[in-house]
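Have a look at the structure below, then the notes.
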Amino acid sequence: MTDSCTNSMNILIIGGSRNIGYYSAIRFLDAEHTVTFLLRKASVFDLDARIQTALNSGKAQLVQGDALVKEDVQRAWTSAIAHGKSGSVDLLLFTVGGEPSFSLTKGFALSPPNLVTQCLLNTITTLPDLQTRIIVITSVGLTRSSRAELPAPLKPLYAWVLHPAHRDKIGVERLIAHCAGWEWNDNEDGKIHPGILADDWKDTSGLPSQGSVQEVMVIRPGLLTDGDCLADTPGGQKYRVSEDELGGWTVSRRDVAHFVVDVAMGRWSEFYKRRVNIMY
């Protein structure tokens, strides 16, 4: 598969029931690619006309299951492979996210605290082909340098409200760094909090060996909004993308999806093996 993707890609999306995963899926389907969704509730798309059209045409398929259950993820891989014509999955898009809840006794917390990390661990340990391209969505504000560049009014939000979700996302990035062979510094990149990864996580059955997964990139969006895709608007504000800290505020989920599809369909060699920030 070349950078300029004129052939149909076979795509597995985990976390595609809404937000970035969903908006990316719509763009992929509009471009005539095939998409398999792993969904806890397949009924989520019952009233979605665009997804129903894709299901009826055979471009999309739904696999009911939970990414927290390894056997369900394995079944999703198997179904996705069978869905395509090449006998493989060309792209994994992983957009699972957790929403912290608040209690007076615990403050903001995520349940389970390693929700996203465990979902990715199940996904990566059932990966059938090391050549599958992988895009993982995390967040800005995870690393020390990223937190330092946040606008001052956002720092309390990231430090308090989003902290449980970000501890989880640090686990996600640690897994990817291991599989991709990227350097990891606890002081800069983040120390793994207890309960996110087991002490012996590197011995997990099926985990790719260090540095064996090269076709991977991480996208770190700024504070996400439900705004329009400005990249589709003539004269609209365009998002910025860089490995360097951008020091911005927000980016819409639709614009992140625009970037996901732009990279997957024509700019892979520019961004793979990288962790990039995206915001206005």
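Naming works like this for the structure tokens: A, B, ... for the chains as they're shown, residue 1 at the start of each chain, ligands 1 onward in shown order.
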
Just want the 12 Å neighbourhood of Gly195 in chain A, counted on only C-alpha atoms, with same-chain residues fewer than 6 positions away dropped. Output as a PDB file with N, CA and C atoms, in the first residue's frame.
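Full text of selection.pdb as output:
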ATOM      1  N   LEU A 110     -11.644   7.526  36.823  1.00  0.00           N
ATOM      2  CA  LEU A 110     -11.992   6.741  35.643  1.00  0.00           C
ATOM      3  C   LEU A 110     -12.206   5.300  36.080  1.00  0.00           C
ATOM      4  N   SER A 111     -13.244   4.660  35.548  1.00  0.00           N
ATOM      5  CA  SER A 111     -13.528   3.286  35.939  1.00  0.00           C
ATOM      6  C   SER A 111     -13.666   2.389  34.705  1.00  0.00           C
ATOM      7  N   PRO A 112     -12.782   1.373  34.579  1.00  0.00           N
ATOM      8  CA  PRO A 112     -11.605   1.133  35.410  1.00  0.00           C
ATOM      9  C   PRO A 112     -10.532   2.188  35.125  1.00  0.00           C
ATOM     10  N   PRO A 113      -9.586   2.369  36.027  1.00  0.00           N
ATOM     11  CA  PRO A 113      -8.598   3.441  35.844  1.00  0.00           C
ATOM     12  C   PRO A 113      -7.692   3.248  34.643  1.00  0.00           C
ATOM     13  N   ASN A 114      -7.604   2.010  34.148  1.00  0.00           N
ATOM     14  CA  ASN A 114      -6.756   1.716  32.977  1.00  0.00           C
ATOM     15  C   ASN A 114      -7.605   1.325  31.779  1.00  0.00           C
ATOM     16  N   LEU A 115      -8.787   1.904  31.670  1.00  0.00           N
ATOM     17  CA  LEU A 115      -9.726   1.542  30.602  1.00  0.00           C
ATOM     18  C   LEU A 115      -9.090   1.528  29.226  1.00  0.00           C
ATOM     19  N   THR A 117      -5.840   1.932  28.329  1.00  0.00           N
ATOM     20  CA  THR A 117      -4.614   1.143  28.269  1.00  0.00           C
ATOM     21  C   THR A 117      -4.927  -0.340  28.100  1.00  0.00           C
ATOM     22  N   GLN A 118      -5.898  -0.849  28.857  1.00  0.00           N
ATOM     23  CA  GLN A 118      -6.232  -2.268  28.759  1.00  0.00           C
ATOM     24  C   GLN A 118      -6.837  -2.595  27.395  1.00  0.00           C
ATOM     25  N   PRO A 164      -7.188  11.832  35.647  1.00  0.00           N
ATOM     26  CA  PRO A 164      -7.366  10.365  35.594  1.00  0.00           C
ATOM     27  C   PRO A 164      -7.295   9.809  34.172  1.00  0.00           C
ATOM     28  N   ARG A 167      -3.605   9.882  33.026  1.00  0.00           N
ATOM     29  CA  ARG A 167      -2.792   8.788  33.570  1.00  0.00           C
ATOM     30  C   ARG A 167      -2.989   7.532  32.739  1.00  0.00           C
ATOM     31  N   ASP A 168      -4.225   7.308  32.319  1.00  0.00           N
ATOM     32  CA  ASP A 168      -4.536   6.166  31.465  1.00  0.00           C
ATOM     33  C   ASP A 168      -3.856   6.315  30.098  1.00  0.00           C
ATOM     34  N   GLY A 171      -0.283   5.355  29.928  1.00  0.00           N
ATOM     35  CA  GLY A 171      -0.124   3.916  29.749  1.00  0.00           C
ATOM     36  C   GLY A 171      -0.220   3.515  28.291  1.00  0.00           C
ATOM     37  N   TRP A 201       4.013  -6.278  32.744  1.00  0.00           N
ATOM     38  CA  TRP A 201       3.259  -6.111  31.506  1.00  0.00           C
ATOM     39  C   TRP A 201       4.069  -6.470  30.264  1.00  0.00           C
TER      40      TRP A 201
END

**Backbone-only DSSP, strand (DSSP E) members of range 101-233 of chain A, as a list in words** = Ser101, Phe102, Ser103, Gly107, Phe108, Ala109, Arg133, Ile134, Ile135, Val136, Ile137, Val216, Met217, Val218, Ile219, Arg220, Pro221, Leu223, Leu224 and Thr225 of chain A

Please write the residues from the selection above to a file, keeping all heavy atoms, as a short mmCIF file (atom, residue, chain, number, x, y, z; two decimals), in the first residue's frame.
data_model
loop_
_atom_site.label_atom_id
_atom_site.label_comp_id
_atom_site.auth_asym_id
_atom_site.auth_seq_id
_atom_site.Cartn_x
_atom_site.Cartn_y
_atom_site.Cartn_z
N SER A 101 -15.63 10.35 35.97
CA SER A 101 -16.82 10.74 36.73
C SER A 101 -16.37 11.38 38.04
O SER A 101 -15.23 11.20 38.47
CB SER A 101 -17.70 9.52 37.01
OG SER A 101 -16.97 8.54 37.74
N PHE A 102 -17.28 12.11 38.67
CA PHE A 102 -16.91 12.84 39.89
C PHE A 102 -17.69 12.32 41.09
O PHE A 102 -18.89 12.04 41.01
CB PHE A 102 -17.19 14.33 39.72
CG PHE A 102 -16.89 15.14 40.95
CD1 PHE A 102 -15.59 15.49 41.27
CD2 PHE A 102 -17.91 15.55 41.80
CE1 PHE A 102 -15.30 16.22 42.41
CE2 PHE A 102 -17.63 16.28 42.94
CZ PHE A 102 -16.33 16.63 43.24
N SER A 103 -17.00 12.16 42.21
CA SER A 103 -17.65 11.87 43.48
C SER A 103 -16.98 12.71 44.56
O SER A 103 -15.81 13.10 44.43
CB SER A 103 -17.55 10.39 43.82
OG SER A 103 -16.23 10.04 44.19
N GLY A 107 -13.23 12.40 44.10
CA GLY A 107 -12.96 13.42 43.10
C GLY A 107 -13.23 12.87 41.71
O GLY A 107 -14.15 12.06 41.52
N PHE A 108 -12.44 13.29 40.74
CA PHE A 108 -12.60 12.78 39.38
C PHE A 108 -11.84 11.45 39.24
O PHE A 108 -10.67 11.34 39.63
CB PHE A 108 -12.08 13.78 38.36
CG PHE A 108 -12.99 14.97 38.19
CD1 PHE A 108 -12.76 16.14 38.90
CD2 PHE A 108 -14.08 14.90 37.34
CE1 PHE A 108 -13.61 17.23 38.76
CE2 PHE A 108 -14.93 15.98 37.19
CZ PHE A 108 -14.69 17.15 37.90
N ALA A 109 -12.52 10.44 38.71
CA ALA A 109 -11.92 9.12 38.58
C ALA A 109 -12.44 8.43 37.33
O ALA A 109 -13.53 8.74 36.83
CB ALA A 109 -12.23 8.26 39.81
N ARG A 133 -0.91 -0.79 9.52
CA ARG A 133 -0.68 0.58 9.96
C ARG A 133 -1.59 0.89 11.15
O ARG A 133 -2.76 0.48 11.17
CB ARG A 133 -0.94 1.55 8.81
CG ARG A 133 0.07 1.38 7.68
CD ARG A 133 -0.20 2.32 6.52
NE ARG A 133 0.85 2.20 5.52
CZ ARG A 133 0.92 2.91 4.40
NH1 ARG A 133 -0.03 3.80 4.12
NH2 ARG A 133 1.91 2.74 3.54
N ILE A 134 -1.05 1.62 12.12
CA ILE A 134 -1.77 1.87 13.36
C ILE A 134 -1.75 3.36 13.66
O ILE A 134 -0.69 4.00 13.67
CB ILE A 134 -1.13 1.10 14.54
CG1 ILE A 134 -1.13 -0.40 14.25
CG2 ILE A 134 -1.85 1.42 15.84
CD1 ILE A 134 -0.34 -1.21 15.28
N ILE A 135 -2.94 3.92 13.91
CA ILE A 135 -3.07 5.30 14.37
C ILE A 135 -3.76 5.27 15.73
O ILE A 135 -4.85 4.70 15.86
CB ILE A 135 -3.88 6.16 13.38
CG1 ILE A 135 -3.16 6.25 12.02
CG2 ILE A 135 -4.10 7.56 13.96
CD1 ILE A 135 -3.94 7.02 10.97
N VAL A 136 -3.13 5.87 16.73
CA VAL A 136 -3.66 5.89 18.08
C VAL A 136 -3.85 7.35 18.51
O VAL A 136 -2.95 8.18 18.33
CB VAL A 136 -2.70 5.19 19.07
CG1 VAL A 136 -3.21 5.31 20.49
CG2 VAL A 136 -2.54 3.71 18.69
N ILE A 137 -5.02 7.64 19.07
CA ILE A 137 -5.33 8.98 19.55
C ILE A 137 -5.09 9.04 21.05
O ILE A 137 -5.63 8.24 21.81
CB ILE A 137 -6.79 9.36 19.26
CG1 ILE A 137 -7.13 9.16 17.77
CG2 ILE A 137 -7.05 10.81 19.68
CD1 ILE A 137 -6.36 10.03 16.83
N VAL A 216 3.36 2.83 12.79
CA VAL A 216 2.50 3.37 13.84
C VAL A 216 2.73 4.85 14.02
O VAL A 216 3.84 5.36 13.81
CB VAL A 216 2.75 2.62 15.17
CG1 VAL A 216 4.18 2.79 15.64
CG2 VAL A 216 1.76 3.04 16.25
N MET A 217 1.68 5.56 14.38
CA MET A 217 1.80 6.97 14.75
C MET A 217 0.82 7.27 15.87
O MET A 217 -0.20 6.60 16.04
CB MET A 217 1.53 7.90 13.56
CG MET A 217 0.09 7.96 13.11
SD MET A 217 -0.23 9.26 11.88
CE MET A 217 0.12 10.76 12.81
N VAL A 218 1.14 8.29 16.66
CA VAL A 218 0.29 8.76 17.76
C VAL A 218 -0.11 10.19 17.46
O VAL A 218 0.73 11.03 17.12
CB VAL A 218 1.02 8.67 19.11
CG1 VAL A 218 0.20 9.34 20.20
CG2 VAL A 218 1.31 7.22 19.46
N ILE A 219 -1.40 10.48 17.60
CA ILE A 219 -1.92 11.83 17.41
C ILE A 219 -2.37 12.35 18.77
O ILE A 219 -3.16 11.72 19.46
CB ILE A 219 -3.09 11.85 16.42
CG1 ILE A 219 -2.63 11.35 15.04
CG2 ILE A 219 -3.66 13.27 16.29
CD1 ILE A 219 -3.76 11.23 14.02
N ARG A 220 -1.86 13.54 19.13
CA ARG A 220 -2.18 14.15 20.41
C ARG A 220 -2.98 15.43 20.18
O ARG A 220 -2.41 16.50 19.96
CB ARG A 220 -0.90 14.49 21.18
CG ARG A 220 -0.03 13.29 21.54
CD ARG A 220 1.34 13.76 21.97
NE ARG A 220 2.13 12.73 22.64
CZ ARG A 220 3.41 12.85 22.95
NH1 ARG A 220 4.07 13.97 22.63
NH2 ARG A 220 4.07 11.86 23.55
N PRO A 221 -4.30 15.36 20.25
CA PRO A 221 -5.10 16.57 20.04
C PRO A 221 -5.07 17.50 21.25
O PRO A 221 -4.86 17.07 22.39
CB PRO A 221 -6.53 16.03 19.84
CG PRO A 221 -6.38 14.55 19.66
CD PRO A 221 -5.14 14.16 20.39
N LEU A 223 -7.42 20.38 23.47
CA LEU A 223 -8.73 20.22 24.09
C LEU A 223 -9.79 20.07 23.01
O LEU A 223 -9.94 20.93 22.14
CB LEU A 223 -9.04 21.44 24.97
CG LEU A 223 -10.29 21.33 25.84
CD1 LEU A 223 -10.15 20.22 26.88
CD2 LEU A 223 -10.56 22.68 26.52
N LEU A 224 -10.51 18.97 23.06
CA LEU A 224 -11.42 18.62 21.97
C LEU A 224 -12.76 19.35 22.08
O LEU A 224 -13.32 19.48 23.17
CB LEU A 224 -11.65 17.11 21.94
CG LEU A 224 -10.44 16.29 21.50
CD1 LEU A 224 -10.62 14.82 21.87
CD2 LEU A 224 -10.19 16.45 20.01
N THR A 225 -13.28 19.79 20.94
CA THR A 225 -14.58 20.45 20.89
C THR A 225 -15.47 19.70 19.89
O THR A 225 -15.00 18.86 19.11
CB THR A 225 -14.46 21.91 20.43
OG1 THR A 225 -14.19 21.94 19.02
CG2 THR A 225 -13.34 22.63 21.18
#

**Message:** With distances taken over only C-alpha atoms, which residue among A:Leu142, A:Leu175, A:Leu47, A:Gly227 lies nearest Lys155 in chain A?
**Reply:**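 Among A:Leu142, A:Leu175, A:Leu47, A:Gly227, it is A:Leu142 that comes nearest to Lys155 in chain A.
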
**Item:** Selection near Ala80 in chain A, 8 Å with only C-alpha atoms, sequence-local residues under 5 positions removed, as a count of residues only
**Value:** 7
